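*Asks:* Below is protein_32.pdb; it holds PDB, C-alpha atoms, pLDDT in the B column.
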```pdb
ATOM      1  CA  MET A   1       0.000   0.000   0.000  1.00 82.00           C
ATOM      2  CA  PRO A   2       1.585   3.346  -1.002  1.00 70.00           C
ATOM      3  CA  HIS A   3       2.570   5.713   1.811  1.00 72.00           C
ATOM      4  CA  PRO A   4       4.972   8.659   2.084  1.00 73.00           C
ATOM      5  CA  GLY A   5       8.471   7.227   1.970  1.00 77.00           C
ATOM      6  CA  GLY A   6       7.508   4.066   0.089  1.00 83.00           C
ATOM      7  CA  THR A   7       4.934   1.621   1.395  1.00 92.00           C
ATOM      8  CA  LEU A   8       2.786   1.485   4.493  1.00 93.00           C
ATOM      9  CA  LEU A   9       4.823  -1.461   5.768  1.00 95.00           C
ATOM     10  CA  GLU A  10       8.076   0.496   5.402  1.00 96.00           C
ATOM     11  CA  HIS A  11       6.489   3.424   7.270  1.00 95.00           C
ATOM     12  CA  LEU A  12       5.248   1.161  10.073  1.00 97.00           C
ATOM     13  CA  ARG A  13       8.696  -0.367  10.487  1.00 98.00           C
ATOM     14  CA  ARG A  14      10.316   3.092  10.594  1.00 97.00           C
ATOM     15  CA  VAL A  15       7.842   4.196  13.286  1.00 98.00           C
ATOM     16  CA  GLN A  16       8.684   1.107  15.345  1.00 98.00           C
ATOM     17  CA  LEU A  17      12.420   1.733  14.915  1.00 98.00           C
ATOM     18  CA  LEU A  18      12.083   5.368  15.932  1.00 98.00           C
ATOM     19  CA  LEU A  19      10.194   4.341  19.067  1.00 98.00           C
ATOM     20  CA  ALA A  20      12.955   1.821  19.798  1.00 98.00           C
ATOM     21  CA  GLU A  21      15.564   4.582  19.409  1.00 98.00           C
ATOM     22  CA  TRP A  22      13.606   6.552  22.006  1.00 98.00           C
ATOM     23  CA  ASP A  23      13.709   3.507  24.360  1.00 98.00           C
ATOM     24  CA  ALA A  24       9.940   3.121  24.315  1.00 98.00           C
ATOM     25  CA  ASP A  25       8.449   0.132  26.094  1.00 98.00           C
ATOM     26  CA  PRO A  26       8.197  -2.960  23.840  1.00 98.00           C
ATOM     27  CA  ALA A  27       4.376  -2.757  23.862  1.00 98.00           C
ATOM     28  CA  ILE A  28       4.586   0.825  22.590  1.00 98.00           C
ATOM     29  CA  GLN A  29       7.036  -0.212  19.888  1.00 98.00           C
ATOM     30  CA  THR A  30       4.677  -2.991  18.819  1.00 98.00           C
ATOM     31  CA  ALA A  31       1.735  -0.597  18.824  1.00 98.00           C
ATOM     32  CA  GLY A  32       3.809   1.736  16.655  1.00 98.00           C
ATOM     33  CA  LEU A  33       4.361  -1.093  14.196  1.00 98.00           C
ATOM     34  CA  CYS A  34       0.616  -1.792  14.105  1.00 98.00           C
ATOM     35  CA  HIS A  35      -0.785   1.719  14.605  1.00 97.00           C
ATOM     36  CA  ALA A  36      -2.622   1.816  11.254  1.00 95.00           C
ATOM     37  CA  THR A  37      -4.306  -1.582  11.631  1.00 97.00           C
ATOM     38  CA  TYR A  38      -7.786  -0.087  12.100  1.00 97.00           C
ATOM     39  CA  GLY A  39      -7.077   2.989   9.979  1.00 92.00           C
ATOM     40  CA  THR A  40      -6.640   6.396  11.564  1.00 90.00           C
ATOM     41  CA  ASP A  41      -8.285   9.776  11.477  1.00 89.00           C
ATOM     42  CA  GLY A  42      -5.611  10.769   8.952  1.00 81.00           C
ATOM     43  CA  PHE A  43      -5.260   7.480   7.020  1.00 80.00           C
ATOM     44  CA  ALA A  44      -8.567   5.797   6.193  1.00 82.00           C
ATOM     45  CA  PRO A  45      -7.546   2.343   4.899  1.00 85.00           C
ATOM     46  CA  ALA A  46      -7.886  -0.341   7.556  1.00 93.00           C
ATOM     47  CA  LEU A  47      -5.910  -3.562   7.549  1.00 93.00           C
ATOM     48  CA  LEU A  48      -8.398  -5.231   9.903  1.00 96.00           C
ATOM     49  CA  PRO A  49     -11.991  -4.314  10.737  1.00 97.00           C
ATOM     50  CA  LEU A  50     -12.785  -3.470  14.349  1.00 96.00           C
ATOM     51  CA  THR A  51     -14.704  -6.719  14.575  1.00 97.00           C
ATOM     52  CA  GLU A  52     -11.289  -8.457  14.388  1.00 97.00           C
ATOM     53  CA  ARG A  53      -9.747  -6.829  17.475  1.00 98.00           C
ATOM     54  CA  ALA A  54      -9.390 -10.265  19.083  1.00 98.00           C
ATOM     55  CA  THR A  55      -7.190 -11.322  16.157  1.00 97.00           C
ATOM     56  CA  LEU A  56      -4.778  -8.468  16.795  1.00 98.00           C
ATOM     57  CA  VAL A  57      -4.835  -9.137  20.559  1.00 98.00           C
ATOM     58  CA  ALA A  58      -3.835 -12.736  19.845  1.00 98.00           C
ATOM     59  CA  LEU A  59      -0.946 -11.546  17.667  1.00 97.00           C
ATOM     60  CA  ILE A  60       0.499  -8.670  19.719  1.00 98.00           C
ATOM     61  CA  GLY A  61      -1.085  -8.897  23.174  1.00 98.00           C
ATOM     62  CA  GLU A  62      -3.766  -6.837  24.875  1.00 98.00           C
ATOM     63  CA  PRO A  63      -1.563  -3.933  26.052  1.00 98.00           C
ATOM     64  CA  ALA A  64      -0.231  -3.196  22.551  1.00 98.00           C
ATOM     65  CA  GLU A  65      -3.629  -3.718  20.887  1.00 98.00           C
ATOM     66  CA  SER A  66      -5.256  -1.361  23.372  1.00 98.00           C
ATOM     67  CA  LEU A  67      -2.761   1.340  22.324  1.00 98.00           C
ATOM     68  CA  VAL A  68      -3.412   0.598  18.647  1.00 98.00           C
ATOM     69  CA  TYR A  69      -7.130   1.073  19.263  1.00 98.00           C
ATOM     70  CA  LEU A  70      -6.567   4.292  21.221  1.00 98.00           C
ATOM     71  CA  TYR A  71      -4.431   5.679  18.407  1.00 97.00           C
ATOM     72  CA  ALA A  72      -6.823   4.600  15.654  1.00 97.00           C
ATOM     73  CA  SER A  73      -9.944   5.758  17.454  1.00 97.00           C
ATOM     74  CA  CYS A  74      -8.672   9.260  18.208  1.00 97.00           C
ATOM     75  CA  ASP A  75     -10.894  11.997  16.792  1.00 97.00           C
ATOM     76  CA  ARG A  76      -8.012  14.361  16.110  1.00 95.00           C
ATOM     77  CA  ALA A  77     -10.136  17.481  15.626  1.00 95.00           C
ATOM     78  CA  ALA A  78     -11.587  17.005  19.105  1.00 97.00           C
ATOM     79  CA  VAL A  79      -8.548  15.640  20.949  1.00 97.00           C
ATOM     80  CA  TYR A  80      -5.517  17.510  19.609  1.00 95.00           C
ATOM     81  CA  PRO A  81      -6.679  20.948  20.842  1.00 95.00           C
ATOM     82  CA  ARG A  82      -7.161  19.460  24.318  1.00 95.00           C
ATOM     83  CA  ILE A  83      -3.525  18.354  24.606  1.00 95.00           C
ATOM     84  CA  ASP A  84      -1.950  20.948  26.889  1.00 93.00           C
ATOM     85  CA  GLY A  85       0.745  19.122  28.845  1.00 91.00           C
ATOM     86  CA  THR A  86      -1.597  17.942  31.579  1.00 88.00           C
ATOM     87  CA  GLY A  87      -2.526  14.326  32.091  1.00 87.00           C
ATOM     88  CA  ALA A  88      -6.308  14.576  32.040  1.00 90.00           C
ATOM     89  CA  VAL A  89      -7.331  14.706  28.385  1.00 94.00           C
ATOM     90  CA  ALA A  90     -10.802  13.721  27.239  1.00 95.00           C
ATOM     91  CA  PHE A  91     -10.458  11.454  24.217  1.00 96.00           C
ATOM     92  CA  ARG A  92     -13.309  11.300  21.726  1.00 98.00           C
ATOM     93  CA  ASP A  93     -13.533   7.917  20.042  1.00 98.00           C
ATOM     94  CA  ARG A  94     -14.188   8.529  16.349  1.00 97.00           C
ATOM     95  CA  PHE A  95     -15.751   5.066  16.005  1.00 97.00           C
ATOM     96  CA  THR A  96     -18.270   5.375  18.849  1.00 97.00           C
ATOM     97  CA  GLY A  97     -18.469   9.122  19.550  1.00 97.00           C
ATOM     98  CA  LEU A  98     -17.915   8.397  23.257  1.00 98.00           C
ATOM     99  CA  GLU A  99     -15.403  10.296  25.373  1.00 98.00           C
ATOM    100  CA  ARG A 100     -13.147   9.015  28.133  1.00 97.00           C
ATOM    101  CA  ILE A 101      -9.986  10.053  29.909  1.00 97.00           C
ATOM    102  CA  PRO A 102      -7.315   7.448  29.220  1.00 97.00           C
ATOM    103  CA  PRO A 103      -4.776   6.524  31.909  1.00 97.00           C
ATOM    104  CA  LEU A 104      -1.684   8.741  31.915  1.00 97.00           C
ATOM    105  CA  ALA A 105       0.559   5.915  30.680  1.00 97.00           C
ATOM    106  CA  ASP A 106      -1.727   5.416  27.663  1.00 98.00           C
ATOM    107  CA  LEU A 107      -1.771   9.144  26.926  1.00 97.00           C
ATOM    108  CA  ARG A 108       2.025   9.213  27.006  1.00 98.00           C
ATOM    109  CA  ALA A 109       2.198   6.184  24.691  1.00 98.00           C
ATOM    110  CA  PHE A 110      -0.322   7.786  22.335  1.00 98.00           C
ATOM    111  CA  LEU A 111       1.806  10.927  22.113  1.00 98.00           C
ATOM    112  CA  GLU A 112       5.019   8.948  21.514  1.00 98.00           C
ATOM    113  CA  ILE A 113       3.374   7.005  18.692  1.00 98.00           C
ATOM    114  CA  THR A 114       1.874  10.203  17.302  1.00 97.00           C
ATOM    115  CA  ALA A 115       5.238  11.962  17.308  1.00 98.00           C
ATOM    116  CA  ALA A 116       7.035   9.022  15.683  1.00 98.00           C
ATOM    117  CA  ASN A 117       4.315   8.634  13.054  1.00 96.00           C
ATOM    118  CA  GLU A 118       4.099  12.303  12.146  1.00 95.00           C
ATOM    119  CA  LEU A 119       7.847  12.845  12.089  1.00 97.00           C
ATOM    120  CA  ASP A 120       8.245   9.931   9.697  1.00 96.00           C
ATOM    121  CA  VAL A 121       5.428  11.117   7.421  1.00 94.00           C
ATOM    122  CA  LEU A 122       6.765  14.678   7.261  1.00 94.00           C
ATOM    123  CA  LYS A 123      10.335  13.471   6.711  1.00 94.00           C
ATOM    124  CA  HIS A 124       9.157  11.721   3.560  1.00 93.00           C
ATOM    125  CA  ASN A 125       6.699  14.315   2.231  1.00 90.00           C
ATOM    126  CA  THR A 126       7.981  17.875   1.968  1.00 89.00           C
ATOM    127  CA  ALA A 127       4.601  19.246   0.853  1.00 89.00           C
ATOM    128  CA  LEU A 128       2.948  17.893   4.000  1.00 87.00           C
ATOM    129  CA  ALA A 129       5.880  19.146   6.090  1.00 88.00           C
ATOM    130  CA  GLU A 130       5.457  22.659   4.729  1.00 92.00           C
ATOM    131  CA  GLN A 131       1.687  22.561   5.148  1.00 90.00           C
ATOM    132  CA  HIS A 132       1.423  20.891   8.566  1.00 89.00           C
ATOM    133  CA  GLY A 133       4.872  21.196  10.159  1.00 92.00           C
ATOM    134  CA  PRO A 134       4.223  24.412  12.105  1.00 94.00           C
ATOM    135  CA  GLU A 135       0.914  23.240  13.575  1.00 93.00           C
ATOM    136  CA  LEU A 136       2.398  19.852  14.396  1.00 93.00           C
ATOM    137  CA  LEU A 137       5.322  21.544  16.146  1.00 95.00           C
ATOM    138  CA  ALA A 138       2.903  23.645  18.198  1.00 95.00           C
ATOM    139  CA  PHE A 139       0.776  20.601  19.075  1.00 94.00           C
ATOM    140  CA  LEU A 140       3.693  18.388  20.091  1.00 96.00           C
ATOM    141  CA  THR A 141       5.367  21.244  21.970  1.00 95.00           C
ATOM    142  CA  ARG A 142       2.143  21.673  23.986  1.00 95.00           C
ATOM    143  CA  ALA A 143       2.386  17.996  24.933  1.00 96.00           C
ATOM    144  CA  GLY A 144       5.698  18.849  26.590  1.00 92.00           C
ATOM    145  CA  SER A 145       6.824  16.461  29.290  1.00 93.00           C
ATOM    146  CA  LEU A 146       4.058  14.012  28.448  1.00 96.00           C
ATOM    147  CA  MET A 147       6.518  12.828  25.793  1.00 97.00           C
ATOM    148  CA  SER A 148       9.929  11.378  26.488  1.00 97.00           C
ATOM    149  CA  SER A 149      12.898  13.722  26.268  1.00 97.00           C
ATOM    150  CA  ALA A 150      14.066  11.735  23.220  1.00 98.00           C
ATOM    151  CA  ALA A 151      10.756  12.382  21.449  1.00 98.00           C
ATOM    152  CA  GLN A 152      10.801  16.052  22.457  1.00 97.00           C
ATOM    153  CA  ASP A 153      14.350  16.393  21.096  1.00 97.00           C
ATOM    154  CA  ALA A 154      13.405  14.690  17.817  1.00 97.00           C
ATOM    155  CA  VAL A 155      10.415  16.999  17.385  1.00 97.00           C
ATOM    156  CA  ALA A 156      12.566  20.072  18.052  1.00 96.00           C
ATOM    157  CA  GLN A 157      15.337  18.898  15.697  1.00 96.00           C
ATOM    158  CA  GLN A 158      13.050  18.062  12.806  1.00 95.00           C
ATOM    159  CA  LEU A 159      10.314  20.680  13.089  1.00 93.00           C
ATOM    160  CA  ALA A 160      11.796  23.719  14.809  1.00 86.00           C
TER     161      ALA A 160
END
```
Rewrite the structure of this file - the entire thing - as structure tokens.
*Replies:*
Amino acid sequence: MPHPGGTLLEHLRRVQLLLAEWDADPAIQTAGLCHATYGTDGFAPALLPLTERATLVALIGEPAESLVYLYASCDRAAVYPRIDGTGAVAFRDRFTGLERIPPLADLRAFLEITAANELDVLKHNTALAEQHGPELLAFLTRAGSLMSSAAQDAVAQQLA
């Protein structure tokens, strides 16, 4: 499947590798590898329907699958403006319309995966980088210490 920088699979592997460079937990790295399984708010194609969540759980474990679902279900227009560096962020699920406040560890993992994903996409698509780089920098800067120092440094190096 085409994706900036080659194929979707190449992108997913680069996201996983970037998370590994940042010393992310193995479950977060695995979620990074699988983050597009159910599609995302910015990438519609799904590799598995939501009715197959149990299949992904069996393959990668519940903790990683839960992060994949959180990432895929994020209604970005509702959630991104709410990210302000604090731990209590109401997440709107784009599949169900429901809102919940995820645990802090899940919010941190979501932001790490988001940063790795977006940095890889923008690295491989200059038009998107020019169009969305400044707003992405502002968004990820607002996240602040909710991201690892390695992720914060990577955001500053690439987008500032």
*Asks:* Go through A:Thr126, A:Thr40, A:Ser148, A:Thr114 one by one, measure the shortest atom-to-atom distance of each to A:Asp25 using all atoms listed in the file, and give the residue with the smallest value.
*Replies:* A:Ser148
*Asks:* Name the closest residue to A:Ala90 among the candidates A:Val121, A:Ala150, A:Val155, A:Cys74; distances are taken between atoms, counting only C-alpha atoms.
*Replies:*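 Among A:Val121, A:Ala150, A:Val155, A:Cys74, it is A:Cys74 that comes nearest to A:Ala90.
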*Asks:* One decimal, in Å: what's the spacing between atom CA of A:Pro81 and atom CA of A:Leu159?
*Replies:*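 Going from atom CA of A:Pro81 over to atom CA of A:Leu159 covers 18.7 Å.
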*Asks:* So what does the PyMOL selection byres ((chain A and resi 17-20) around 10) actually pick up in this one, as a list in words?
*Replies:*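 Applied to this file, the PyMOL selection byres ((chain A and resi 17-20) around 10) returns His11, Leu12, Arg13, Arg14, Val15, Gln16, Glu21, Trp22, Asp23, Ala24, Asp25, Pro26, Ile28, Gln29, Thr30, Ala31, Gly32, Leu33, Ala109, Glu112, Ile113, Ala115, Ala116, Asn117, Leu119, Asp120, Ala150, Ala151 and Ala154 of chain A.
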*Asks:* So which residues touch A:Thr86 within 10 Å, counting only C-alpha atoms, skipping near sequence neighbours fewer than 2 positions away, as an MDAnalysis selection string?
*Replies:* chainID A and resid 82:84 88:89 104 107 142:146
*Asks:* Would you mind listing what lies within 10 Å of stretch 42-45 of chain A as a VMD selection string, with only C-alpha atoms counted and same-chain residues fewer than 6 positions away left out?
*Replies:* chain A and resid 1 3 36 72 74 to 76
*Asks:* Would you list the residues near (-11.9, 8.0, 21.8), meaning any protein, DNA or RNA residue with an atom at most 10 Å from that point in file coordinates, counting only C-alpha atoms, as a list in words?
*Replies:* Tyr69, Leu70, Tyr71, Ala72, Ser73, Cys74, Asp75, Arg76, Ala78, Val79, Ala90, Phe91, Arg92, Asp93, Arg94, Phe95, Thr96, Gly97, Leu98, Glu99, Arg100, Ile101 and Pro102 of chain A
*Asks:* Would you compute, for all listed atoms of stretch 2-16 of chain A, the axis-aligned bounding box grown by 8 Å on each side, and then report its centre and edge lengths in Å rounded to one decimal, as lines of an AutoDock Vina configuration file?
*Replies:*
```
center_x = 6.0
center_y = 3.6
center_z = 7.2
size_x = 24.7
size_y = 26.1
size_z = 32.3
```
*Asks:* Go ahead and compute the interatomic distance for atom CA of A:Ala105 and atom CA of A:Ile60, in Å to one decimal.
*Replies:*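 Interatomic distance here is 18.2 Å.
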*Asks:* Looking at A:Ala160, A:Asp153, A:Leu111, A:Gly5, which one is nearest to A:Glu135, with distances taken over all atoms listed in the file?
*Replies:*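 Once distances to A:Glu135 are computed over all atoms listed in the file, the minimum belongs to A:Ala160.
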*Asks:* Skip A:Leu136 itself and residues of its chain fewer than 2 positions away, then list as a ChimeraX atom specification all residues within 10 Å of it, counting all atoms listed in the file.
*Replies:* /A:80,115,118-119,122,129,131-134,138-142,155,159
*Asks:* Using only C-alpha atoms, can you tell me which of A:Pro63, A:Gly39, A:Pro103, A:Gly6 comes closest to A:Gly87?
*Replies:* A:Pro103
*Asks:* In Å to one decimal, how far is atom CA of A:Thr7 from atom CA of A:Val68?
*Replies:*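 A separation of 19.2 Å between them.
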*Asks:* Please determine, counting only C-alpha atoms, which residue among A:Arg108, A:Ala46, A:Ala64, A:Ala77 has the shortest atom-to-atom distance to A:Ser149.
*Replies:* A:Arg108
*Asks:* Which polymer residues have any atom within 12 Å of an atom of A:Ala54, counting only C-alpha atoms, with same-chain residues fewer than 6 positions away left out, as a ChimeraX atom specification?
*Replies:* /A:48,60-62,65-66,69
*Asks:* Take the selection from the previous step and output its residues with C-alpha atoms, as an mmCIF file, keeping the file's coordinate frame.
*Replies:*
```cif
data_model
loop_
_atom_site.group_PDB
_atom_site.id
_atom_site.type_symbol
_atom_site.label_atom_id
_atom_site.label_comp_id
_atom_site.auth_asym_id
_atom_site.auth_seq_id
_atom_site.Cartn_x
_atom_site.Cartn_y
_atom_site.Cartn_z
ATOM 1 C CA LEU A 48 -8.398 -5.231 9.903
ATOM 2 C CA ILE A 60 0.499 -8.670 19.719
ATOM 3 C CA GLY A 61 -1.085 -8.897 23.174
ATOM 4 C CA GLU A 62 -3.766 -6.837 24.875
ATOM 5 C CA GLU A 65 -3.629 -3.718 20.887
ATOM 6 C CA SER A 66 -5.256 -1.361 23.372
ATOM 7 C CA TYR A 69 -7.130 1.073 19.263
#
```
*Asks:* Would you fill the gaps in stretch 11-30 of chain A so it has N, CA and C atoms, then print it as a compact mmCIF listing (two decimals), keeping the file's coordinate frame?
*Replies:*
```
# COMPACT_ATOMS: atom_id res chain seq x y z
N HIS A 11 6.79 2.36 6.30
CA HIS A 11 6.49 3.42 7.27
C HIS A 11 6.30 2.84 8.67
N LEU A 12 5.52 1.77 8.77
CA LEU A 12 5.25 1.16 10.07
C LEU A 12 6.54 0.68 10.73
N ARG A 13 7.41 0.09 9.95
CA ARG A 13 8.70 -0.37 10.49
C ARG A 13 9.54 0.82 10.95
N ARG A 14 9.54 1.91 10.18
CA ARG A 14 10.32 3.09 10.59
C ARG A 14 9.76 3.69 11.89
N VAL A 15 8.45 3.69 12.04
CA VAL A 15 7.84 4.20 13.29
C VAL A 15 8.29 3.32 14.45
N GLN A 16 8.24 2.01 14.29
CA GLN A 16 8.68 1.11 15.34
C GLN A 16 10.16 1.35 15.69
N LEU A 17 10.99 1.50 14.68
CA LEU A 17 12.42 1.73 14.92
C LEU A 17 12.67 3.05 15.63
N LEU A 18 11.93 4.07 15.26
CA LEU A 18 12.08 5.37 15.93
C LEU A 18 11.68 5.25 17.40
N LEU A 19 10.61 4.56 17.67
CA LEU A 19 10.19 4.34 19.07
C LEU A 19 11.25 3.55 19.83
N ALA A 20 11.87 2.59 19.17
CA ALA A 20 12.96 1.82 19.80
C ALA A 20 14.14 2.73 20.10
N GLU A 21 14.48 3.62 19.17
CA GLU A 21 15.56 4.58 19.41
C GLU A 21 15.27 5.45 20.63
N TRP A 22 14.01 5.73 20.86
CA TRP A 22 13.61 6.55 22.01
C TRP A 22 13.46 5.72 23.28
N ASP A 23 13.82 4.44 23.23
CA ASP A 23 13.71 3.51 24.36
C ASP A 23 12.28 3.33 24.87
N ALA A 24 11.33 3.35 23.94
CA ALA A 24 9.94 3.12 24.32
C ALA A 24 9.77 1.67 24.77
N ASP A 25 8.81 1.46 25.63
CA ASP A 25 8.45 0.13 26.09
C ASP A 25 8.15 -0.77 24.89
N PRO A 26 8.47 -2.05 24.97
CA PRO A 26 8.20 -2.96 23.84
C PRO A 26 6.74 -2.95 23.37
N ALA A 27 5.79 -2.81 24.28
CA ALA A 27 4.38 -2.76 23.86
C ALA A 27 4.10 -1.50 23.03
N ILE A 28 4.76 -0.41 23.36
CA ILE A 28 4.59 0.82 22.59
C ILE A 28 5.23 0.67 21.22
N GLN A 29 6.39 0.04 21.17
CA GLN A 29 7.04 -0.21 19.89
C GLN A 29 6.14 -1.08 19.00
N THR A 30 5.56 -2.11 19.58
CA THR A 30 4.68 -2.99 18.82
C THR A 30 3.44 -2.24 18.36
```
